[in-house]
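Quick look at structure.txt (compact mmCIF, C-alpha atoms):
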# COMPACT_ATOMS: atom_id res chain seq x y z
CA ASN U 17 -29.04 23.98 -35.40
CA LYS U 18 -30.39 24.48 -31.92
CA ASN U 19 -28.69 26.02 -28.92
CA ILE U 20 -29.21 23.78 -25.93
CA ASN U 21 -28.25 24.07 -22.29
CA LEU U 22 -27.28 20.96 -20.32
CA SER U 23 -27.75 20.79 -16.56
CA THR U 24 -26.90 18.05 -14.05
CA ARG U 25 -29.34 16.51 -11.59
CA TYR U 26 -27.76 14.71 -8.62
CA HIS U 27 -29.45 11.59 -7.24
CA ASN U 28 -26.75 9.80 -5.21
CA PRO U 29 -25.23 11.79 -3.65
CA LEU U 30 -27.86 14.52 -3.75
CA SER U 31 -25.47 17.35 -4.55
CA GLY U 32 -22.15 17.93 -6.23
CA SER U 33 -19.52 20.54 -7.07
CA LEU U 34 -18.97 19.47 -10.71
CA SER U 35 -21.43 19.54 -13.60
CA ALA U 36 -21.61 17.64 -16.88
CA SER U 37 -20.37 19.50 -19.95
CA GLY U 38 -22.14 19.51 -23.32
CA SER U 39 -24.03 22.79 -23.74
CA GLY U 40 -23.91 24.52 -27.12
CA SER U 41 -25.22 24.24 -30.67
CA ILE U 42 -26.37 20.82 -31.92
CA ASN U 43 -27.76 19.62 -35.24
CA PHE U 44 -31.14 17.87 -35.32
CA VAL U 45 -31.91 15.39 -38.12
CA GLU U 46 -35.54 14.20 -38.35
CA GLY U 47 -36.11 15.35 -34.80
CA GLN U 48 -33.07 13.61 -33.31
CA ALA U 49 -29.64 14.81 -32.24
CA SER U 50 -26.63 13.39 -30.38
CA ILE U 51 -24.93 15.25 -27.55
CA SER U 52 -21.36 14.65 -26.44
CA THR U 53 -21.10 15.15 -22.71
CA GLN U 54 -18.51 14.60 -20.02
CA TYR U 55 -18.97 14.32 -16.26
CA ASN U 56 -15.74 14.47 -14.24
CA ASP U 57 -17.18 13.28 -10.94
CA VAL U 58 -18.79 10.04 -9.74
CA GLY U 59 -22.23 9.02 -8.52
CA GLU U 60 -25.74 8.55 -9.87
CA ILE U 61 -26.97 11.48 -11.97
CA SER U 62 -29.35 12.40 -14.77
CA LEU U 63 -29.21 15.22 -17.31
CA THR U 64 -31.74 17.91 -18.24
CA VAL U 65 -31.59 19.32 -21.78
CA ASN U 66 -33.10 22.80 -22.27
CA ASP U 67 -33.89 24.36 -25.68
CA THR U 68 -33.24 27.94 -24.68
CA GLY U 69 -34.99 29.37 -27.77
CA ASN U 70 -38.29 27.50 -27.44
CA GLU U 71 -38.45 27.06 -23.66
CA MET U 72 -38.50 23.26 -24.04
CA SER U 73 -36.72 20.73 -21.83
CA GLY U 74 -36.31 16.99 -21.36
CA ASN U 75 -34.72 14.69 -18.79
CA SER U 76 -32.49 11.69 -19.36
CA ASN U 77 -32.66 8.44 -17.43
CA GLN U 78 -30.61 8.11 -14.25
CA PHE U 79 -27.18 6.55 -14.72
CA ILE U 80 -24.06 5.85 -12.65
CA VAL U 81 -20.57 7.22 -13.27
CA THR U 82 -17.75 5.29 -11.58
CA PRO U 83 -14.12 6.09 -10.82
CA THR U 84 -11.56 4.99 -13.41
CA ASP U 85 -8.64 4.48 -11.03
CA PHE U 86 -7.32 5.15 -7.53
CA SER U 87 -4.13 6.94 -6.56
CA ILE U 88 -2.00 5.42 -3.78
CA ALA U 89 0.49 7.50 -1.80
CA VAL U 90 2.63 5.98 0.99
CA SER U 91 4.03 8.49 3.47
CA ASP U 92 7.83 8.76 3.76
CA ASN U 93 8.36 5.86 1.36
CA PRO U 94 11.88 5.74 -0.19
CA SER U 95 10.81 3.10 -2.79
CA THR U 96 14.04 1.10 -2.50
CA THR U 97 14.84 -2.58 -3.03
CA SER U 98 18.33 -4.07 -2.64
CA ASN U 99 20.14 -0.73 -2.26
CA GLY U 100 19.48 2.62 -0.67
CA GLU U 101 17.64 3.82 2.39
CA GLY U 102 15.34 1.44 4.24
CA PHE U 103 11.68 2.25 4.88
CA ILE U 104 10.47 0.90 8.25
CA PRO U 105 10.86 -2.32 10.29
CA ALA U 106 8.71 -5.29 9.24
CA GLY U 107 5.47 -5.34 11.23
CA ASP U 108 5.48 -1.61 12.01
CA GLU U 109 2.48 0.47 10.95
CA PHE U 110 2.67 2.82 7.97
CA THR U 111 0.33 5.41 6.42
CA VAL U 112 -1.35 5.21 3.01
CA ASN U 113 -3.55 7.86 1.34
CA VAL U 114 -5.97 6.84 -1.43
CA GLN U 115 -8.06 8.98 -3.80
CA ALA U 116 -10.58 8.00 -6.49
CA LEU U 117 -9.69 9.37 -9.95
CA ASN U 118 -11.57 10.07 -13.17
CA ALA U 119 -10.38 9.17 -16.68
CA GLU U 120 -8.27 12.34 -16.82
CA GLY U 121 -6.41 11.36 -13.64
CA ASN U 122 -8.09 14.03 -11.49
CA PRO U 123 -9.76 13.45 -8.10
CA THR U 124 -13.53 12.89 -7.97
CA PRO U 125 -14.80 14.94 -4.99
CA ASN U 126 -18.12 13.10 -4.61
CA TYR U 127 -16.52 9.71 -3.92
CA GLY U 128 -17.46 8.94 -0.33
CA ASN U 129 -20.43 11.33 -0.30
CA GLU U 130 -22.93 8.66 -1.41
CA GLN U 131 -26.03 8.02 0.71
CA ASN U 132 -24.33 4.84 1.88
CA PRO U 133 -20.79 6.23 1.72
CA GLU U 134 -18.30 4.25 -0.31
CA SER U 135 -14.80 3.64 1.08
CA VAL U 136 -11.59 2.06 -0.18
CA SER U 137 -9.34 -0.88 0.61
CA VAL U 138 -5.86 -1.95 -0.47
CA VAL U 139 -4.33 -5.34 -1.19
CA LEU U 140 -0.78 -6.58 -1.53
CA ASP U 141 -0.49 -6.91 -5.29
CA SER U 142 3.03 -8.27 -5.71
CA LEU U 143 6.37 -8.91 -4.04
CA VAL U 144 8.96 -6.78 -5.82
CA PHE U 145 12.00 -7.80 -3.76
CA PRO U 146 13.45 -10.30 -2.99
CA THR U 147 12.54 -12.37 -6.05
CA GLY U 148 11.19 -15.76 -5.00
CA GLY U 149 10.67 -14.67 -1.40
CA ASN U 150 7.68 -15.01 0.92
CA VAL U 151 4.82 -12.68 -0.04
CA GLY U 152 3.76 -12.38 3.60
CA ILE U 153 0.59 -10.81 4.97
CA LEU U 154 -0.68 -7.22 4.70
CA SER U 155 -2.79 -6.41 7.77
CA ASN U 156 -5.55 -3.80 8.37
CA ARG U 157 -6.23 -3.41 4.63
CA GLU U 158 -9.68 -1.84 5.13
CA SER U 159 -8.97 0.49 8.08
CA PHE U 160 -9.46 3.73 6.12
CA THR U 161 -10.84 7.01 7.45
CA ARG U 162 -12.24 9.71 5.16
CA LEU U 163 -10.31 12.90 5.93
CA SER U 164 -11.91 15.22 3.36
CA ASP U 165 -13.59 15.10 -0.05
CA ASN U 166 -12.29 11.93 -1.69
CA LEU U 167 -9.22 11.61 0.55
CA PHE U 168 -9.00 8.37 2.52
CA GLN U 169 -6.20 7.56 4.95
CA ASN U 170 -5.10 4.36 6.65
CA ASN U 171 -2.36 4.76 9.27
CA ALA U 172 -2.54 1.18 10.58
CA LEU U 173 -1.30 -0.85 7.61
CA SER U 174 1.50 -3.30 8.34
CA TRP U 175 3.43 -5.99 6.48
CA ASN U 176 5.00 -8.88 8.38
CA GLU U 177 7.97 -9.53 6.07
CA VAL U 178 11.11 -7.77 4.86
CA GLY U 179 11.64 -6.62 1.29
CA SER U 180 9.63 -4.42 -1.05
CA ILE U 181 6.05 -4.72 -2.33
CA ARG U 182 3.44 -3.04 -4.52
CA LEU U 183 -0.18 -2.30 -3.56
CA THR U 184 -3.46 -1.90 -5.43
CA ALA U 185 -6.59 -0.09 -4.22
CA ALA U 186 -10.25 -0.86 -4.84
CA VAL U 187 -13.79 0.04 -3.78
CA GLY U 188 -14.14 -0.78 -0.10
CA ASP U 189 -17.05 -3.19 -0.44
CA GLY U 190 -16.05 -4.31 -3.95
CA ASP U 191 -19.17 -2.81 -5.57
CA TYR U 192 -19.60 0.85 -6.52
CA LEU U 193 -23.34 1.64 -6.35
CA GLY U 194 -24.18 -1.79 -7.74
CA THR U 195 -21.97 -1.54 -10.84
CA GLY U 196 -19.14 -3.76 -9.62
CA ASN U 197 -15.61 -3.18 -8.43
CA VAL U 198 -12.98 -0.72 -9.62
CA THR U 199 -9.35 -1.73 -9.12
CA SER U 200 -6.37 0.60 -9.42
CA ALA U 201 -3.12 0.19 -11.26
CA GLU U 202 -0.16 -0.96 -9.17
CA SER U 203 1.39 1.52 -6.77
CA SER U 204 5.04 2.46 -6.89
CA THR U 205 7.40 0.20 -4.93
CA VAL U 206 6.83 0.31 -1.15
CA GLY U 207 9.93 -0.47 0.86
CA ARG U 208 12.49 -1.65 1.67
CA PHE U 209 11.16 -3.13 4.91
CA TYR U 210 13.92 -4.42 7.21
CA PRO U 211 14.05 -6.51 10.44
CA GLU U 212 12.92 -4.86 13.65
CA SER U 213 15.66 -6.63 15.62
CA PHE U 214 17.52 -9.91 16.05
CA PHE U 215 16.87 -12.69 18.54
CA LEU U 216 19.47 -15.18 19.78
CA GLY U 217 17.79 -18.56 19.82
CA ALA U 218 19.49 -21.85 20.58
CA ALA U 219 23.13 -21.32 21.61
CA ASP U 220 25.80 -23.74 22.82
CA VAL U 221 29.51 -23.57 23.68
CA SER U 222 31.34 -26.91 24.03
CA ASN U 223 34.86 -27.23 25.46
CA SER U 224 37.52 -29.48 23.96
CA CYS U 225 38.34 -30.72 27.44
CA THR U 226 35.75 -31.50 30.10
CA HIS U 227 35.54 -28.04 31.65
CA PHE U 228 37.90 -25.87 29.60
CA THR U 229 39.63 -25.28 26.28
CA TYR U 230 43.26 -24.29 25.82
CA LEU U 231 44.01 -20.95 24.18
CA SER U 232 44.13 -21.36 20.38
CA GLN U 233 42.86 -24.93 20.61
CA PRO U 234 40.61 -25.34 17.53
CA GLU U 235 38.25 -27.84 19.13
CA LEU U 236 36.25 -25.12 20.94
CA GLY U 237 32.68 -25.49 19.63
CA ILE U 238 30.34 -22.50 19.24
CA ALA U 239 26.87 -23.07 17.79
CA TYR U 240 23.91 -20.69 17.77
CA THR U 241 20.80 -19.63 15.88
CA LEU U 242 20.23 -15.92 15.26
CA ASN U 243 16.76 -14.95 14.04
CA ALA U 244 15.85 -11.74 12.18
CA ILE U 245 12.41 -10.81 13.52
CA ASN U 246 9.58 -8.32 12.88
CA SER U 247 7.97 -6.06 15.48
CA ALA U 248 5.65 -8.92 16.55
CA GLY U 249 8.65 -11.15 17.30
CA ASP U 250 8.12 -13.45 14.31
CA THR U 251 11.00 -14.58 12.10
CA VAL U 252 11.18 -12.88 8.69
CA SER U 253 12.11 -15.52 6.12
CA ASN U 254 13.03 -13.02 3.37
CA TYR U 255 16.10 -11.96 5.36
CA ASP U 256 18.15 -14.40 3.34
CA ASP U 257 21.46 -13.86 1.57
CA GLY U 258 20.48 -16.58 -0.90
CA LEU U 259 17.53 -14.43 -2.03
CA GLY U 260 19.74 -11.38 -2.50
CA TYR U 261 18.50 -9.49 0.57
CA PRO U 262 21.29 -7.21 1.95
CA VAL U 263 21.98 -9.06 5.21
CA GLY U 264 24.20 -7.78 7.98
CA SER U 265 27.42 -9.15 9.43
CA VAL U 266 27.64 -10.69 12.90
CA ILE U 267 30.22 -9.18 15.27
CA TYR U 268 31.41 -11.28 18.20
CA ALA U 269 32.58 -10.18 21.63
CA ALA U 270 34.34 -12.11 24.40
CA GLU U 271 34.90 -11.14 28.05
CA LEU U 272 36.11 -12.76 31.24
CA ASP U 273 33.28 -12.79 33.79
CA ASN U 274 31.76 -9.66 32.22
CA ASN U 275 34.73 -7.54 33.33
CA GLY U 276 34.37 -5.16 30.39
CA ILE U 277 37.64 -6.12 28.71
CA ASP U 278 37.03 -7.12 25.11
CA LEU U 279 38.87 -10.33 24.21
CA ALA U 280 37.23 -10.75 20.79
CA SER U 281 40.64 -10.71 19.07
CA ARG U 282 41.32 -14.12 20.63
CA LEU U 283 38.13 -15.56 19.18
CA SER U 284 37.83 -17.10 15.71
CA VAL U 285 34.34 -18.18 14.64
CA ALA U 286 33.17 -19.62 11.33
CA THR U 287 31.26 -17.27 9.01
CA THR U 288 27.54 -16.93 9.77
CA ASN U 289 25.14 -17.94 6.98
CA TRP U 290 21.71 -16.31 6.89
Turn the structure described in the file into structure tokens.
Amino acid sequence: NKNINLSTRYHNPLSGSLSASGSGSINFVEGQASISTQYNDVGEISLTVNDTGNEMSGNSNQFIVTPTDFSIAVSDNPSTTSNGEGFIPAGDEFTVNVQALNAEGNPTPNYGNEQNPESVSVVLDSLVFPTGGNVGILSNRESFTRLSDNLFQNNALSWNEVGSIRLTAAVGDGDYLGTGNVTSAESSTVGRFYPESFFLGAADVSNSCTHFTYLSQPELGIAYTLNAINSAGDTVSNYDDGLGYPVGSVIYAAELDNNGIDLASRLSVATTNW
């Protein structure tokens, strides 16, 4: 057996805080031996093997170690669907933090330190709730800033629909040092997104007589369209009782010439269907 010492040479990036493991006693057979080694960071490296007893050394070829996964953390996310606390209005910006991980699930500090620094992006992986609804559009997917070693933040993400979704993260340019893409597992549920407000669209009141309607006369016609909208003013189609989304109730008010006296008790209107 020979006692060997294993050291790490950094090529891209040119330095690192973690080293490959594998030093110790190994068994040579006909001049050859196998070494089990583990490197818990990412980048392009090579290894130097030193025979401490005979002052001999040798270098490996350069090779690339990639992340295994990415973690995704959404700030202040309640992870709800049909019940529980809502998250934010549809179309509003929210914050996501992403980190590259090794096979043990630990952060890799050299991700983003490459000579041409790598970044991250996220995509809308799936619509969790409501089932059968509109997947919508996730905007500003690549607007990440590197805050510290291997911590990337995007505070400009937005989704234009209501409901709940899951995200996945990947290498920003889809190619880690020429080895291809790395895609994360799905995030936890992000949501529930809810409407930013409501907009009264077409509305019409028709009298049973030419210019008036008698009290309690059922021929008074009231027709209107109420739209649930996101922060950009666009209608959110997932706000739909038929899809199981928890829609609100419409409350009516009636006044005479805006005199502040509520006459809603005199008004009977058919149930609103979302």
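Using only C-alpha atoms for every distance, the candidate list U:Asp273, U:Asp57, U:Asp189, U:Glu109 yields U:Asp57 as the residue closest to Ser33 in chain U.
CA of Tyr210 in chain U lies 18.8 Å from CA of Ile267 in chain U.
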Exercise for review: Just the residues within 12 Å of range 97-108 of chain U, please, counting all atoms listed in the file, with nothing from its chain fewer than 5 positions along; format it as number ranges by chain.
Suggested key: U: 90-92, 143-147, 152-156, 171-182, 204-214, 244-257, 259-263
Could the residues in this selection be saved with C-alpha atoms as a PDB file, in the coordinates of the input?
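Written file, result-v1.pdb:
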ATOM      1  CA  VAL U  90       2.630   5.980   0.990  1.00  0.00           C
ATOM      2  CA  SER U  91       4.030   8.490   3.470  1.00  0.00           C
ATOM      3  CA  ASP U  92       7.830   8.760   3.760  1.00  0.00           C
ATOM      4  CA  LEU U 143       6.370  -8.910  -4.040  1.00  0.00           C
ATOM      5  CA  VAL U 144       8.960  -6.780  -5.820  1.00  0.00           C
ATOM      6  CA  PHE U 145      12.000  -7.800  -3.760  1.00  0.00           C
ATOM      7  CA  PRO U 146      13.450 -10.300  -2.990  1.00  0.00           C
ATOM      8  CA  THR U 147      12.540 -12.370  -6.050  1.00  0.00           C
ATOM      9  CA  GLY U 152       3.760 -12.380   3.600  1.00  0.00           C
ATOM     10  CA  ILE U 153       0.590 -10.810   4.970  1.00  0.00           C
ATOM     11  CA  LEU U 154      -0.680  -7.220   4.700  1.00  0.00           C
ATOM     12  CA  SER U 155      -2.790  -6.410   7.770  1.00  0.00           C
ATOM     13  CA  ASN U 156      -5.550  -3.800   8.370  1.00  0.00           C
ATOM     14  CA  ASN U 171      -2.360   4.760   9.270  1.00  0.00           C
ATOM     15  CA  ALA U 172      -2.540   1.180  10.580  1.00  0.00           C
ATOM     16  CA  LEU U 173      -1.300  -0.850   7.610  1.00  0.00           C
ATOM     17  CA  SER U 174       1.500  -3.300   8.340  1.00  0.00           C
ATOM     18  CA  TRP U 175       3.430  -5.990   6.480  1.00  0.00           C
ATOM     19  CA  ASN U 176       5.000  -8.880   8.380  1.00  0.00           C
ATOM     20  CA  GLU U 177       7.970  -9.530   6.070  1.00  0.00           C
ATOM     21  CA  VAL U 178      11.110  -7.770   4.860  1.00  0.00           C
ATOM     22  CA  GLY U 179      11.640  -6.620   1.290  1.00  0.00           C
ATOM     23  CA  SER U 180       9.630  -4.420  -1.050  1.00  0.00           C
ATOM     24  CA  ILE U 181       6.050  -4.720  -2.330  1.00  0.00           C
ATOM     25  CA  ARG U 182       3.440  -3.040  -4.520  1.00  0.00           C
ATOM     26  CA  SER U 204       5.040   2.460  -6.890  1.00  0.00           C
ATOM     27  CA  THR U 205       7.400   0.200  -4.930  1.00  0.00           C
ATOM     28  CA  VAL U 206       6.830   0.310  -1.150  1.00  0.00           C
ATOM     29  CA  GLY U 207       9.930  -0.470   0.860  1.00  0.00           C
ATOM     30  CA  ARG U 208      12.490  -1.650   1.670  1.00  0.00           C
ATOM     31  CA  PHE U 209      11.160  -3.130   4.910  1.00  0.00           C
ATOM     32  CA  TYR U 210      13.920  -4.420   7.210  1.00  0.00           C
ATOM     33  CA  PRO U 211      14.050  -6.510  10.440  1.00  0.00           C
ATOM     34  CA  GLU U 212      12.920  -4.860  13.650  1.00  0.00           C
ATOM     35  CA  SER U 213      15.660  -6.630  15.620  1.00  0.00           C
ATOM     36  CA  PHE U 214      17.520  -9.910  16.050  1.00  0.00           C
ATOM     37  CA  ALA U 244      15.850 -11.740  12.180  1.00  0.00           C
ATOM     38  CA  ILE U 245      12.410 -10.810  13.520  1.00  0.00           C
ATOM     39  CA  ASN U 246       9.580  -8.320  12.880  1.00  0.00           C
ATOM     40  CA  SER U 247       7.970  -6.060  15.480  1.00  0.00           C
ATOM     41  CA  ALA U 248       5.650  -8.920  16.550  1.00  0.00           C
ATOM     42  CA  GLY U 249       8.650 -11.150  17.300  1.00  0.00           C
ATOM     43  CA  ASP U 250       8.120 -13.450  14.310  1.00  0.00           C
ATOM     44  CA  THR U 251      11.000 -14.580  12.100  1.00  0.00           C
ATOM     45  CA  VAL U 252      11.180 -12.880   8.690  1.00  0.00           C
ATOM     46  CA  SER U 253      12.110 -15.520   6.120  1.00  0.00           C
ATOM     47  CA  ASN U 254      13.030 -13.020   3.370  1.00  0.00           C
ATOM     48  CA  TYR U 255      16.100 -11.960   5.360  1.00  0.00           C
ATOM     49  CA  ASP U 256      18.150 -14.400   3.340  1.00  0.00           C
ATOM     50  CA  ASP U 257      21.460 -13.860   1.570  1.00  0.00           C
ATOM     51  CA  LEU U 259      17.530 -14.430  -2.030  1.00  0.00           C
ATOM     52  CA  GLY U 260      19.740 -11.380  -2.500  1.00  0.00           C
ATOM     53  CA  TYR U 261      18.500  -9.490   0.570  1.00  0.00           C
ATOM     54  CA  PRO U 262      21.290  -7.210   1.950  1.00  0.00           C
ATOM     55  CA  VAL U 263      21.980  -9.060   5.210  1.00  0.00           C
TER      56      VAL U 263
END
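Nearest to Gly217 in chain U of all the residues U:Thr199, U:Ser50, U:Thr82, U:Asn243 is U:Asn243, based on all atoms listed in the file.
By chain and then residue number, the residues within 12 Å of Asp220 in chain U are Leu216, Leu236, Gly237, Ile238, Ala239, Tyr240 and Thr241 of chain U, counting all atoms listed in the file and disregarding those fewer than 4 positions away in sequence.
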For the selection just defined, write its residues with C-alpha atoms to a file, as a tab-separated table (two decimals), in the coordinates of the input.
chain	number	residue	atom	x	y	z
U	216	LEU	CA	19.47	-15.18	19.78
U	236	LEU	CA	36.25	-25.12	20.94
U	237	GLY	CA	32.68	-25.49	19.63
U	238	ILE	CA	30.34	-22.50	19.24
U	239	ALA	CA	26.87	-23.07	17.79
U	240	TYR	CA	23.91	-20.69	17.77
U	241	THR	CA	20.80	-19.63	15.88
Check your understanding: Can you find the residues with an atom no farther than 8 Å from (-14.0, 13.1, -9.3), counting only C-alpha atoms, and report them as a ChimeraX atom specification?
Key -> /U:56-58,83,116-118,122-127,166
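Reported to one decimal place, the separation of CA of Ser137 in chain U from CA of Ser159 in chain U is 7.6 Å.
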Would you place a box with edges along x, y and z of the file around all atoms of range 186-204 of chain U listed there, add 3 Å to each of its six sides, and report the centre and edge lengths in Å to one decimal, as JSON?
{"center_x": -9.6, "center_y": -0.9, "center_z": -5.7, "size_x": 35.2, "size_y": 12.8, "size_z": 17.2}
Review point. Could you work out how far CA of Gly194 in chain U lies from CA of Asn28 in chain U, giving the answer in Å with one decimal?
Key: 12.1 Å
Point to revise | Ref. answer, residues at most 10 Å from (-21.3, 19.7, -17.5) with only C-alpha atoms, as a ChimeraX atom specification | key: /U:21-24,34-39,53-56,63
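Minimum atom-to-atom distance to Gly32 in chain U, evaluated using only C-alpha atoms, belongs to U:Asn129 out of U:Leu279, U:Val114, U:Asn129, U:Gly74.
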Check your understanding: Which residue out of U:Ser95, U:Thr84, U:Ser62, U:Asn19 has the minimum interatomic distance to Tyr192 in chain U when all atoms listed in the file are used?
Key -> U:Thr84
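Distances to Gly121 in chain U were evaluated for U:Tyr268, U:Phe86, U:Tyr230, U:Phe44 using all atoms listed in the file, and the minimum falls at U:Phe86.
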Point to revise | Selection near Ser135 in chain U, 9 Å with all atoms listed in the file, sequence-local residues under 4 positions removed, as a list in words | key: Tyr127, Gly128, Glu158, Phe160, Thr161, Arg162, Phe168, Ala186, Val187, Gly188 and Asp189 of chain U
**Study point:** All residues 6 Å or closer to Val112 in chain U, all atoms listed in the file, same chain fewer than 5 positions away omitted, as a PyMOL selection string
**Key:** chain U and resi 89-90+169-170
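Using all atoms listed in the file, the nearest neighbour of Val151 in chain U within the list U:Phe79, U:Leu163, U:Val139, U:Leu30 is U:Val139.
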